[in-house]
Amino acid sequence: MDLAQSTHLTKEDHAPAAQPKLLWTPTAKTGLIGWLTTVDHKKIGFLYGFFALIFFLVGGVEALLIRTQLMFPNNNVLTAQQYNTMFTMHGTTMIFLAVMPLSAAFFNFIMPLQIGARDVAFPRLNAFSLWTFVAGAIILNIGWFIPGPNHGAPDGGWFGYAPLTSKTYIPKHSIDYWVMGLQLLGVASIAASLNFIVTIINMRAPGMTMMRLPVFTWMTLITAFLLILSFPAITIALVELMMDRNFSTNFFEVSGGGMPILWQHLFWVFGHPEVYILILPAMGIVSEILPTFSRKPLYGYPIVVFSGASIGFLGFAVWSHHMFTTGMGAVATAAFSLLTMCIAVPTGVKMFNWIGTLWNGRLMMRTPMMFALGFVWMFMIGGFSGVMHSAAPADAQQQDSYFVIAHFHYVLIGGSIFALLGGIHYWFPLMFGRKVSEFWGKLSFWVIFIGFNITFFPMHFLGLNGMPRRTFTYDANMGWSTANYIATLGAFLLGIGIFIYFVVMAYTFFKGEKVGKDIWDARTLEWSLPNPPPEYNFRVIPTVHARDAWWYEKHHKEEIAKEQAALAKAEAEHGGIHMPNQSIWPFVASLGLLVVGVGATYFESDWSPGIHAKLGTVLVGGVITFIGIYFWSIEGNAGYHLHLDENGNPIEDKHAKH
Amino acid sequence: MSSHAGTIDHHHDPSTSTGIPNKKLLMWAFLASDCMFFATLISTHLIYRLHPPAGGLDPKVVFSPELTSFSTFILLMSSLMMALAVTAIQKNNLKSCRLSLLSTILFGMVFLGCQVYEFNHFVLEKKMTLSNSLLGTTFYTLTGTHGCHVAIGVLWLCLMYVRSFKTAIPGASWFGKNIVHVLVLLGALLLSLKATLGLVHAVQVDGFSGAALGHFFAAEWLAAIGTVAAVAILIGFARQAGPVDFNEKHAIDVESMGLYWHFVDIVWIVIFTAVYLLEYLK
Amino acid sequence: MSAHAPASHAAHDHSHDVSKYQIYVQIAMLLAVITGVEIIAVYLPFAKWLIITALVVLSTVKFMFVIFYFMHLRWDKPFCTILFFIGLVLASGTMWALLTLFSAEASIPLPTS
Amino acid sequence: MRLNTLLLNTARWGRAALALGSLVFLAGCDFNFWRMDGHQSTITVDGPVARSQYDVFMVTVWVTIVIFVIVGAVLAYATWKFRAKSEADEHAETPPQSHGNPMVEIGLIAASIFALVIIAVPTLKAIWYTYDVPGGDTREKFDALQKKGEVYEVTATGYQWWFKFEYPTEQINGTGALVTANELVIPAGTPVRINVRTMDVIHSFWVPKLAGKVDMIPNRANHLWLQADKAGYFWGQCAEYCGDSHAVMRFRVVALEKKEFAEWLESQKLAARDVAPKVAATGAKAQFAALRSFKQNEYGFTEKFAAEKPLSSLLETWRAKQLPEKGEDADLIAKGKAAFAAKGCIGCHAVRGHGAMGVTAPDLTHVGSRTTIAGGLLENNREQLHRWIHDPGAVKPGNKMSLAYARNDYYGKPIDGIKLTAEDEAALVAYLESLK
Ligand code: HEA
Ligand code: HEA
Ligand code: CUA
Ligand SMILES: [Cu+2]
């Protein structure tokens, strides 16, 4: 159909014929109920971000403990077990509970605004993803709080290689928490990604063709695809591990003929696409910041998009580069080595196009721009050490050494985290209507930047000097003491930088300077909104005429004004803006999953007949989930209509049924 | 919109950018994801079949091709019924749609019954358990996961079926009835499952004969009567008069459920070949 | 809105629906027959590779019939097909790669145990 | 000395730098962390396999440095040249809204591919070179070479958390192959094929100066090869996370010239030494009355041993270990031998010739001739041996030997097990030391 048509008008918007009393429609906008029942993608995005940042701090504290332990040779701050728990939880937390949800926060908050939509395709599914993520996070961390020799936080490493994670070698429930936690996080991620895919493909404003999508939205789409296609592999791997642990199957049980190497394959079939899941959103953010602050369109847009897609696709064909030392045979090693190198090409293309974007621009050296440029530099270094890994013979010396630690912290912190922190700065004025002070913003950037490099650059040398990762102690005669000491000092400096960053953010949130709309003179549609954006997002669904839609609007003011007036009139005639009802049922469904998860981990082996209590809890959880889904479906996707006055404020009886 | 007059175009939804309805797109994306899911499971099974541990069980001794062929056929038929349900509701033929949905549910239950019987049989008679052999481990996990998919599908079908009785009369209460309906349907399902088990067992023991039928009734008369009773109540429900809030516009719901159901069917097509048939090659 | 759904489209749809019932039943029969052929095929005294190829081809045919007819891909927008095939192709590719990796000589499990 | 120079230098950089500098000094370090000649350096290597891996690495380093310099220079130039000088300047005029240039893109893609080819070629060569012993990549060819004495084969098995080494070609009176633990002795100048196996979880065999690592994976027949250029003493370490004590699952490789290697083999094949007790026993001397109390994770080496010495002198240390100590207390040793059986050590350990046949723990037949114990964690001297058998769990978290000791569980309930008196310990240490 022709895209010049407004999309929102045809949504099914009839109220259900009869609402049984049980199907209460919550209307609170604030307060606990308001947050628990919200289906507004912006609130959900905010919650994602809120939880992610908390977990980032938790993961950061774990990292600082790691670094403190390694500050001196044969140090005694942590015991071996504590240390092992610490790096497992640090890695798992940072990846699954910090970077991924922080990306999801932007997907939720920004992406619908960028495509000119009023919400995601399935608002309640979106809420379900959020609460399931929270349930997963709870289960993952529950072990810290349960005393007893049978419990404890996960300690099998973030990739939990079998058979170490089997009951024989870690009989504690720590691994069960890890398994169930990741399982729920997987459900949450897949549900959210399906939602994003449908949203991006189906909910674009008229005129927003695929090749006009903002790059961040493109990267969201590709990331969502990576998620739905890679998570099933780890889901199955985790199911197999769980079966091994709880029902004594033989998947990874050598005495029954199992091959533990299978776990590695299944994990990395997921694991490698996962690292691109962590970086592509970051690249999307950088691809938004650089053009805005260069006051130029992104250089080579189609190629940047295409290379993003090829990175995603190639990402499925290189997983065994994490297994160069597992004796795959020369042919397989060579094949994966070459395929891995290929990824440098599309990544390089992005790099070059970012530089091309700067070229001839007029660079506004604001804080988001600092983070974006920091990203480009740091990610380049991290990418280069990635290429060094991809040369399999060289990797035989580097694998599981601090060289890998250096590599992936350069791409993860210098890459993902820098871009995400920059993204927060960039969109902060839009989200909250306040702006972070340039001085404090830049100060935090420089402290983070310097601290980061002091921490992780020496780790390259540590790795080349033979220091293996995941070691809670080392001897003084190995030549590692100095670098470790410096790295630890750097980590504290980095911590100070992050601390400044957060304090400044918190201050700005409450007290920061208020700013008007579009303070960066930006290019994409989200900036056409007042800040913070109203719950209905767009008063009139915009019609898109160019790639940088908002930039175009700003330069064709009259034409756009006329068009919008006509559309607004049409919309008012159609009964106003359709808004989905709030709902508690997604939350209930997730709550049920939490109970299922706890049941599947906790009771076993502590209760005498064991299996009954465990299955009982699982069953109760299942019933709760079923109830949630049942009411969710009965409730139907009902909604209400908003009518706006001139200022865009809703007029009175917005909950009137009609 | 609610004010729609005339036919609905079921392959085109003008409210979306691509014209594909959101729910359909969601389902296809989910199925793409589910492909990966089963690919990993089937890979696990095949890898261990290609490198079996010494002294492992021989699947040829364990499997029973007749039963599997039968349940394969059943699943195919359920797919047919599902497809018919979708066309029926697209033509606003509520009655025929409900009938097809019910048959799909029943075929699904028969399939599950066969699978439960099969598992039971393998464990008790063929001494293959989840943990005593690698074959058992991968076989039960793979086919069990597929079975879970079928079970979820059946549950979904049931919900859709009772949903089709939701009244369109404003203010009328239908909710309590709805719950009773769900419960009766679940009861019918469980009873029919039990009956299926008994029937398959009787046939397995006595072959296709009157004796089998006799034994079946002797052992399962309660389940049989219960099933009949439950079905009778269901028919009673189905006679409910008055307009319902379930029509052409809900075709997309039925259709996306159908996509799921058919997918479960094609996964079985692959499993049937890769897991069962290939074992019988000389 | 409704004015937008072109009348011709609707009519065209109707002509489909009349015959769809027949199509579905025929395909279901075909699928049953293919399944029967498969079951017989495994017992035939042909070369192993031949039978395996035949089985794979037959299953693929069944697979395609179900997705293109029962699942409407044939009548739907091509994008649905593309979407599903992204998953299908990656899944098959991964499966192939895994099976190949595990059959490589270096990956054979230890002879004992 | 260094403190002064360091302080003088840093003073110029202001007080912050000074504070940092002195802090660093407090750690007893200097700033040369890029000096990469540690015991496990992958840069200063001593064998052809590690060298070929290092060469590939250096190719990647040079290629990426060149790209980094070029790309970085352009990036830095663009950032500097096109930056807005002031806030007013930011909006002075809108730059041309250009969209890109396909020719530039294609050129850069081609250049990237070219750079990757430079890396790929040596990579492929090295993959095949490092995969198996040159000329011995099939069983038959390998056996032929081994007959000629041109290659050598050992099997390394990982346990939580120590290594067992087997010499399949060195059979002892038909009772099985020669077995040793934690110190692998190999002939120098000879390619050695190492079959890596594991008894429990995944471990990884890594001697950085000789070769990159290969994982020990259950139910998988992995192998690697390495070669030491000349005689020497090398550090190795498990490189795959394998549980509590992964960090201290270490080992050593000692490479000996062929002749010395043959001698070593002969002496190892002998059963454990017997030290005849004196007829008129005067009673054991209480050697360990004043036992030093070690803290957990305390440094396990004497200054003499730990110092970063040239390999040759460490090799001397090792050689010295091969000879019996002077002034052995024969009575005490005899007591130790008895205690070794009575206390149940024989349940896990083997001491060939002394009736101990355990297989789940390191073979102790010649433990006295090794420089380290407990998986390379501790120097093999009296104090550390004592520390180890006194309370192995305190030294190496969770290790399997500590599970046999009497201790308290999580709730403080005592668990029965080995209890040693001070005298037992003294005797056992003397006995273990005598096992050369
Ligand atoms: C954000 C996440 C992220 C990203 C983007 C990458 C990107 C890359 N990674 Fe990394 N990687 C990780 C996260 C990431 N990695 C993690 C977490 C691990 C460890 C997991 C664990 O063990 O715990 C890991 C481990 C890892 C390994 C395994 C190491 C080992 O354990 O032995 C390898 C091996 O090949 C590798 C390679 C690469 C390559 C080739 C890229 C490429 O995509 C990089 C491409 C970029 C560039 C090359 C720079 C810019 C390009 C140019 C300027 C163009 C010109 C350049 C050339 C022609 C060279 N990575
Ligand atoms: C996105 C992912 C991510 C991020 C951001 C980080 C961030 C950091 N990481 Fe992490 N790391 C991983 C992913 C990540 N890491 C992974 C996957 C592993 C492998 C795990 C495994 O082997 O299984 C790993 C492992 C790892 C190791 C190796 C452990 C080992 O192998 O033995 C080390 C060691 O130095 C380390 C250090 C750090 C440091 C210093 C930071 C710093 O950047 C952290 C900065 C943040 C802070 C310093 C927080 C500051 C906050 C405050 C000061 C305020 C506190 C206040 C309140 C709580 C109110 N990491
Ligand atoms: Cu063994 Cu780590
Ligand atoms: Cu990777």
# chains A, B, ... in the order shown; residues from 1 in each chain; ligands from 1
$ residues_near_ligand --ligand "ligand 2" --cutoff "8 Å" --atoms "only C-alpha atoms and all ligand atoms" --output "short mmCIF file (atom, residue, chain, number, x, y, z; two decimals) with N, CA, C and O atoms, in the first residue's frame"
data_model
loop_
_atom_site.label_atom_id
_atom_site.label_comp_id
_atom_site.auth_asym_id
_atom_site.auth_seq_id
_atom_site.Cartn_x
_atom_site.Cartn_y
_atom_site.Cartn_z
N ILE A 54 21.69 0.14 37.46
CA ILE A 54 21.96 -0.42 38.78
C ILE A 54 22.86 -1.65 38.65
O ILE A 54 23.86 -1.80 39.35
N PHE A 56 24.82 -2.29 36.28
CA PHE A 56 26.15 -1.87 35.84
C PHE A 56 27.00 -1.52 37.05
O PHE A 56 28.17 -1.91 37.13
N LEU A 57 26.41 -0.83 38.00
CA LEU A 57 27.16 -0.51 39.21
C LEU A 57 27.51 -1.78 39.98
O LEU A 57 28.63 -1.94 40.47
N VAL A 58 26.55 -2.71 40.07
CA VAL A 58 26.84 -3.95 40.77
C VAL A 58 28.00 -4.68 40.09
O VAL A 58 28.98 -5.07 40.73
N GLY A 59 27.91 -4.80 38.77
CA GLY A 59 28.98 -5.45 38.02
C GLY A 59 30.29 -4.70 38.20
O GLY A 59 31.37 -5.30 38.27
N GLY A 60 30.21 -3.38 38.28
CA GLY A 60 31.41 -2.58 38.46
C GLY A 60 32.03 -2.82 39.83
O GLY A 60 33.26 -2.95 39.94
N VAL A 61 31.22 -2.94 40.83
CA VAL A 61 31.77 -3.21 42.17
C VAL A 61 32.43 -4.59 42.17
O VAL A 61 33.52 -4.78 42.73
N ALA A 63 33.82 -5.92 39.64
CA ALA A 63 35.08 -5.74 38.93
C ALA A 63 36.12 -5.13 39.84
O ALA A 63 37.29 -5.53 39.84
N LEU A 64 35.72 -4.16 40.64
CA LEU A 64 36.69 -3.53 41.53
C LEU A 64 37.22 -4.54 42.55
O LEU A 64 38.41 -4.52 42.90
N ILE A 66 37.55 -7.72 41.98
CA ILE A 66 38.50 -8.52 41.21
C ILE A 66 39.84 -7.81 41.14
O ILE A 66 40.89 -8.39 41.42
N ARG A 67 39.77 -6.53 40.77
CA ARG A 67 41.02 -5.79 40.60
C ARG A 67 41.75 -5.65 41.95
O ARG A 67 42.97 -5.68 42.00
N LEU A 70 43.70 -8.68 42.65
CA LEU A 70 44.86 -8.88 41.79
C LEU A 70 45.89 -7.77 41.93
O LEU A 70 46.91 -7.77 41.25
N TYR A 83 36.48 -15.32 44.55
CA TYR A 83 36.98 -14.72 43.32
C TYR A 83 36.29 -15.31 42.10
O TYR A 83 35.84 -14.59 41.20
N ASN A 84 36.16 -16.64 42.11
CA ASN A 84 35.53 -17.30 40.96
C ASN A 84 34.08 -16.86 40.81
O ASN A 84 33.59 -16.65 39.70
N PHE A 87 34.14 -13.20 39.23
CA PHE A 87 34.28 -12.95 37.79
C PHE A 87 33.13 -13.55 37.00
O PHE A 87 32.73 -12.99 35.97
N THR A 88 32.57 -14.65 37.50
CA THR A 88 31.41 -15.21 36.81
C THR A 88 30.27 -14.21 36.83
O THR A 88 29.65 -13.90 35.80
N MET A 89 30.00 -13.68 38.02
CA MET A 89 28.88 -12.76 38.14
C MET A 89 29.19 -11.43 37.47
O MET A 89 28.30 -10.79 36.91
N HIS A 90 30.46 -11.03 37.51
CA HIS A 90 30.82 -9.78 36.83
C HIS A 90 30.53 -9.90 35.34
O HIS A 90 29.85 -9.05 34.76
N GLY A 91 31.02 -10.98 34.72
CA GLY A 91 30.81 -11.15 33.28
C GLY A 91 29.33 -11.28 32.96
O GLY A 91 28.80 -10.59 32.08
N THR A 92 28.65 -12.15 33.69
CA THR A 92 27.24 -12.39 33.39
C THR A 92 26.42 -11.12 33.61
O THR A 92 25.57 -10.76 32.80
N THR A 93 26.69 -10.45 34.72
CA THR A 93 25.94 -9.24 35.03
C THR A 93 26.15 -8.17 33.96
O THR A 93 25.21 -7.59 33.44
N MET A 94 27.41 -7.93 33.66
CA MET A 94 27.71 -6.86 32.71
C MET A 94 27.06 -7.13 31.36
O MET A 94 26.50 -6.24 30.73
N ILE A 95 27.13 -8.37 30.92
CA ILE A 95 26.62 -8.66 29.58
C ILE A 95 25.10 -8.73 29.57
O ILE A 95 24.45 -8.07 28.76
N ALA A 98 23.50 -5.58 32.24
CA ALA A 98 23.86 -4.17 32.08
C ALA A 98 23.79 -3.75 30.61
O ALA A 98 22.94 -2.95 30.23
N VAL A 99 24.66 -4.29 29.79
CA VAL A 99 24.72 -3.77 28.42
C VAL A 99 23.48 -4.12 27.62
O VAL A 99 22.89 -3.27 26.96
N GLY A 156 30.59 -20.66 37.66
CA GLY A 156 31.12 -21.54 36.61
C GLY A 156 31.71 -20.80 35.44
O GLY A 156 31.98 -21.39 34.40
N GLY A 157 31.96 -19.49 35.59
CA GLY A 157 32.43 -18.72 34.45
C GLY A 157 31.24 -18.30 33.61
O GLY A 157 30.20 -18.93 33.65
N TRP A 158 31.40 -17.21 32.86
CA TRP A 158 30.20 -16.71 32.16
C TRP A 158 29.82 -17.63 31.01
O TRP A 158 28.70 -17.57 30.53
N PHE A 159 30.73 -18.50 30.55
CA PHE A 159 30.28 -19.44 29.53
C PHE A 159 30.13 -20.86 30.06
O PHE A 159 29.97 -21.80 29.29
N GLY A 160 30.19 -20.99 31.39
CA GLY A 160 29.79 -22.22 32.06
C GLY A 160 30.13 -23.53 31.37
O GLY A 160 29.26 -24.38 31.19
N LEU A 278 25.88 -7.01 21.48
CA LEU A 278 26.33 -5.97 22.40
C LEU A 278 26.88 -4.75 21.67
O LEU A 278 26.83 -3.65 22.20
N SER A 401 44.03 -15.87 28.07
CA SER A 401 45.03 -15.08 28.77
C SER A 401 44.48 -13.67 28.93
O SER A 401 43.39 -13.36 28.44
N TYR A 402 45.22 -12.81 29.60
CA TYR A 402 44.73 -11.44 29.78
C TYR A 402 44.67 -10.68 28.47
O TYR A 402 44.06 -9.61 28.41
N ILE A 405 41.17 -10.66 27.75
CA ILE A 405 40.50 -9.71 28.65
C ILE A 405 40.66 -8.30 28.10
O ILE A 405 39.71 -7.52 28.05
N PHE A 408 38.45 -7.83 24.88
CA PHE A 408 37.01 -7.65 24.94
C PHE A 408 36.60 -6.50 25.83
O PHE A 408 35.53 -5.95 25.67
N HIS A 409 37.47 -6.08 26.75
CA HIS A 409 37.08 -4.87 27.46
C HIS A 409 37.23 -3.64 26.57
O HIS A 409 36.50 -2.67 26.73
N LEU A 412 34.08 -3.90 24.62
CA LEU A 412 32.87 -3.81 25.43
C LEU A 412 32.75 -2.49 26.18
O LEU A 412 31.68 -1.90 26.22
N ILE A 413 33.85 -2.03 26.76
CA ILE A 413 33.77 -0.75 27.46
C ILE A 413 34.05 0.37 26.48
O ILE A 413 33.23 1.26 26.28
N SER A 416 30.89 -0.72 23.52
CA SER A 416 29.49 -0.63 23.96
C SER A 416 29.26 0.43 25.03
O SER A 416 28.40 1.29 24.89
N ILE A 417 30.02 0.35 26.12
CA ILE A 417 29.72 1.23 27.25
C ILE A 417 29.93 2.69 26.87
O ILE A 417 29.10 3.55 27.19
N PHE A 452 40.12 4.09 31.95
CA PHE A 452 39.91 2.89 31.15
C PHE A 452 41.20 2.43 30.50
O PHE A 452 41.58 1.25 30.57
N THR A 455 43.65 1.03 32.89
CA THR A 455 43.26 -0.29 33.37
C THR A 455 43.58 -1.38 32.36
O THR A 455 44.17 -2.40 32.69
N PHE A 456 43.16 -1.15 31.15
CA PHE A 456 43.14 -2.29 30.23
C PHE A 456 44.29 -2.33 29.25
O PHE A 456 44.59 -3.40 28.71
N PRO A 468 47.35 -16.11 32.71
CA PRO A 468 46.04 -16.64 32.33
C PRO A 468 44.93 -15.88 33.03
O PRO A 468 45.13 -15.33 34.11
N ARG A 469 43.76 -15.86 32.40
CA ARG A 469 42.62 -15.19 33.02
C ARG A 469 42.02 -16.11 34.08
O ARG A 469 42.39 -17.28 34.19
N ARG A 470 41.07 -15.60 34.81
CA ARG A 470 40.34 -16.36 35.82
C ARG A 470 41.26 -16.99 36.86
O ARG A 470 41.03 -18.09 37.32
N THR A 471 42.34 -16.29 37.19
CA THR A 471 43.23 -16.78 38.23
C THR A 471 43.13 -15.83 39.42
O THR A 471 43.31 -14.63 39.26
N PHE A 472 42.85 -16.41 40.58
CA PHE A 472 42.64 -15.54 41.73
C PHE A 472 43.95 -15.09 42.35
O PHE A 472 43.97 -14.24 43.22
N ALA A 487 47.01 -1.64 36.54
CA ALA A 487 45.64 -1.89 36.08
C ALA A 487 44.65 -1.63 37.21
O ALA A 487 43.59 -1.05 37.00
N THR A 488 45.02 -2.04 38.40
CA THR A 488 44.11 -1.83 39.52
C THR A 488 43.94 -0.35 39.82
O THR A 488 42.82 0.13 40.03
N GLY A 490 44.23 1.98 37.72
CA GLY A 490 43.39 2.48 36.63
C GLY A 490 41.94 2.18 36.88
O GLY A 490 41.06 3.02 36.64
N ALA A 491 41.67 0.97 37.39
CA ALA A 491 40.28 0.59 37.61
C ALA A 491 39.64 1.51 38.65
O ALA A 491 38.47 1.88 38.51
N PHE A 492 40.42 1.89 39.65
CA PHE A 492 39.85 2.81 40.64
C PHE A 492 39.60 4.18 40.01
O PHE A 492 38.57 4.81 40.28
N LEU A 493 40.53 4.60 39.17
CA LEU A 493 40.32 5.88 38.49
C LEU A 493 39.06 5.78 37.63
O LEU A 493 38.20 6.68 37.62
N LEU A 494 38.95 4.66 36.91
CA LEU A 494 37.75 4.43 36.10
C LEU A 494 36.50 4.48 36.97
O LEU A 494 35.49 5.08 36.60
N GLY A 495 36.62 3.85 38.15
CA GLY A 495 35.48 3.87 39.06
C GLY A 495 35.11 5.28 39.46
O GLY A 495 33.93 5.65 39.49
N ILE A 496 36.15 6.12 39.71
CA ILE A 496 35.87 7.51 40.07
C ILE A 496 35.15 8.20 38.92
O ILE A 496 34.17 8.92 39.10
N GLY A 497 35.62 7.94 37.70
CA GLY A 497 35.00 8.54 36.52
C GLY A 497 33.53 8.16 36.43
O GLY A 497 32.66 9.01 36.22
N ILE A 498 33.27 6.86 36.61
CA ILE A 498 31.88 6.39 36.52
C ILE A 498 31.06 7.03 37.64
O ILE A 498 29.91 7.42 37.46
N PHE A 499 31.69 7.14 38.79
CA PHE A 499 31.01 7.73 39.93
C PHE A 499 30.60 9.17 39.60
O PHE A 499 29.46 9.56 39.78
#
$ residues_around --residues "range 26-33 of chain C" --least-positions-apart "3" --cutoff "8 Å" --atoms "only C-alpha atoms" --output "PyMOL selection string"
(chain B and resi 73+76-77+80) or (chain C and resi 22-23+36-37+62+65)
$ write_last_selection --atoms "N, CA, C and O atoms" --output "PDB file, in the first residue's frame"
ATOM      1  N   PHE B  73       0.590 -39.665  10.886  1.00  0.00           N
ATOM      2  CA  PHE B  73      -0.620 -39.473  10.095  1.00  0.00           C
ATOM      3  C   PHE B  73      -1.617 -38.588  10.846  1.00  0.00           C
ATOM      4  O   PHE B  73      -2.196 -37.652  10.287  1.00  0.00           O
ATOM      5  N   LEU B  76      -0.640 -35.007  10.696  1.00  0.00           N
ATOM      6  CA  LEU B  76      -0.922 -34.450   9.373  1.00  0.00           C
ATOM      7  C   LEU B  76      -2.400 -34.067   9.262  1.00  0.00           C
ATOM      8  O   LEU B  76      -2.747 -32.996   8.770  1.00  0.00           O
ATOM      9  N   MET B  77      -3.251 -34.965   9.739  1.00  0.00           N
ATOM     10  CA  MET B  77      -4.686 -34.690   9.655  1.00  0.00           C
ATOM     11  C   MET B  77      -5.055 -33.479  10.503  1.00  0.00           C
ATOM     12  O   MET B  77      -5.878 -32.655  10.120  1.00  0.00           O
ATOM     13  N   LEU B  80      -4.444 -30.510   8.608  1.00  0.00           N
ATOM     14  CA  LEU B  80      -5.511 -30.257   7.647  1.00  0.00           C
ATOM     15  C   LEU B  80      -6.686 -29.558   8.332  1.00  0.00           C
ATOM     16  O   LEU B  80      -7.204 -28.547   7.849  1.00  0.00           O
TER      17      LEU B  80
ATOM     18  N   GLN C  22     -10.757 -27.789  -1.325  1.00  0.00           N
ATOM     19  CA  GLN C  22     -10.271 -28.916  -2.138  1.00  0.00           C
ATOM     20  C   GLN C  22      -8.745 -29.016  -2.066  1.00  0.00           C
ATOM     21  O   GLN C  22      -8.186 -30.078  -1.859  1.00  0.00           O
ATOM     22  N   ILE C  23      -8.113 -27.869  -2.256  1.00  0.00           N
ATOM     23  CA  ILE C  23      -6.647 -27.872  -2.261  1.00  0.00           C
ATOM     24  C   ILE C  23      -6.118 -28.486  -0.971  1.00  0.00           C
ATOM     25  O   ILE C  23      -5.264 -29.371  -0.983  1.00  0.00           O
ATOM     26  N   GLY C  36       3.691 -42.498   3.456  1.00  0.00           N
ATOM     27  CA  GLY C  36       3.659 -43.944   3.216  1.00  0.00           C
ATOM     28  C   GLY C  36       4.841 -44.381   2.376  1.00  0.00           C
ATOM     29  O   GLY C  36       5.541 -45.357   2.705  1.00  0.00           O
ATOM     30  N   VAL C  37       5.107 -43.648   1.309  1.00  0.00           N
ATOM     31  CA  VAL C  37       6.236 -44.001   0.434  1.00  0.00           C
ATOM     32  C   VAL C  37       7.533 -43.995   1.231  1.00  0.00           C
ATOM     33  O   VAL C  37       8.362 -44.902   1.120  1.00  0.00           O
ATOM     34  N   LYS C  62       7.411 -32.461   1.442  1.00  0.00           N
ATOM     35  CA  LYS C  62       6.336 -32.341   2.419  1.00  0.00           C
ATOM     36  C   LYS C  62       6.413 -30.998   3.133  1.00  0.00           C
ATOM     37  O   LYS C  62       5.418 -30.285   3.291  1.00  0.00           O
ATOM     38  N   PHE C  65       5.309 -28.188   0.955  1.00  0.00           N
ATOM     39  CA  PHE C  65       3.859 -28.147   0.760  1.00  0.00           C
ATOM     40  C   PHE C  65       3.175 -27.547   1.975  1.00  0.00           C
ATOM     41  O   PHE C  65       2.282 -26.712   1.851  1.00  0.00           O
TER      42      PHE C  65
END
$ residues_near_ligand --ligand "ligand 1" --cutoff "6 Å" --atoms "only C-alpha atoms and all ligand atoms" --output "PyMOL selection string"
(chain A and resi 275-276+278-279+321-322+340-341+343-345+347-348+351+380+383-384+386-387+389-390+395+398-400+404+408+411-412) or (chain D and resi 64+112+115-116)
$ write_last_selection --atoms "C-alpha atoms" --output "compact mmCIF listing (two decimals), in the first residue's frame"
# COMPACT_ATOMS: atom_id res chain seq x y z
CA VAL A 275 28.97 -10.02 21.18
CA TYR A 276 27.56 -8.35 18.10
CA LEU A 278 26.33 -5.97 22.40
CA ILE A 279 28.10 -3.81 19.84
CA HIS A 321 37.11 -18.83 16.89
CA HIS A 322 36.50 -19.12 20.62
CA THR A 340 36.65 -14.31 11.40
CA MET A 341 39.07 -12.09 9.58
CA ILE A 343 34.39 -9.52 9.72
CA ALA A 344 37.08 -6.86 9.88
CA VAL A 345 36.00 -5.68 6.43
CA THR A 347 33.48 -3.28 10.51
CA GLY A 348 36.22 -1.30 8.84
CA MET A 351 34.86 2.95 10.76
CA MET A 380 39.41 0.40 16.69
CA GLY A 383 38.98 -4.57 16.91
CA PHE A 384 42.64 -4.85 16.10
CA GLY A 386 40.28 -9.10 17.75
CA VAL A 387 42.03 -9.52 14.44
CA HIS A 389 42.95 -13.35 17.92
CA SER A 390 41.55 -14.38 14.61
CA ASP A 395 45.51 -17.11 19.41
CA GLN A 398 46.44 -15.59 23.68
CA GLN A 399 43.34 -17.63 24.33
CA ASP A 400 42.29 -17.53 27.97
CA VAL A 404 41.56 -11.70 25.61
CA PHE A 408 37.01 -7.65 24.94
CA VAL A 411 35.31 -3.54 22.54
CA LEU A 412 32.87 -3.81 25.43
CA THR D 64 47.36 -3.37 12.52
CA SER D 112 41.25 -3.89 3.98
CA ALA D 115 45.72 -6.19 4.61
CA LEU D 116 43.86 -9.29 5.69
$ residues_near_ligand --ligand "ligand 3" --cutoff "9 Å" --atoms "only C-alpha atoms and all ligand atoms" --output "PyMOL selection string"
(chain A and resi 470-471) or (chain D and resi 158-163+201-205+216+237-250)
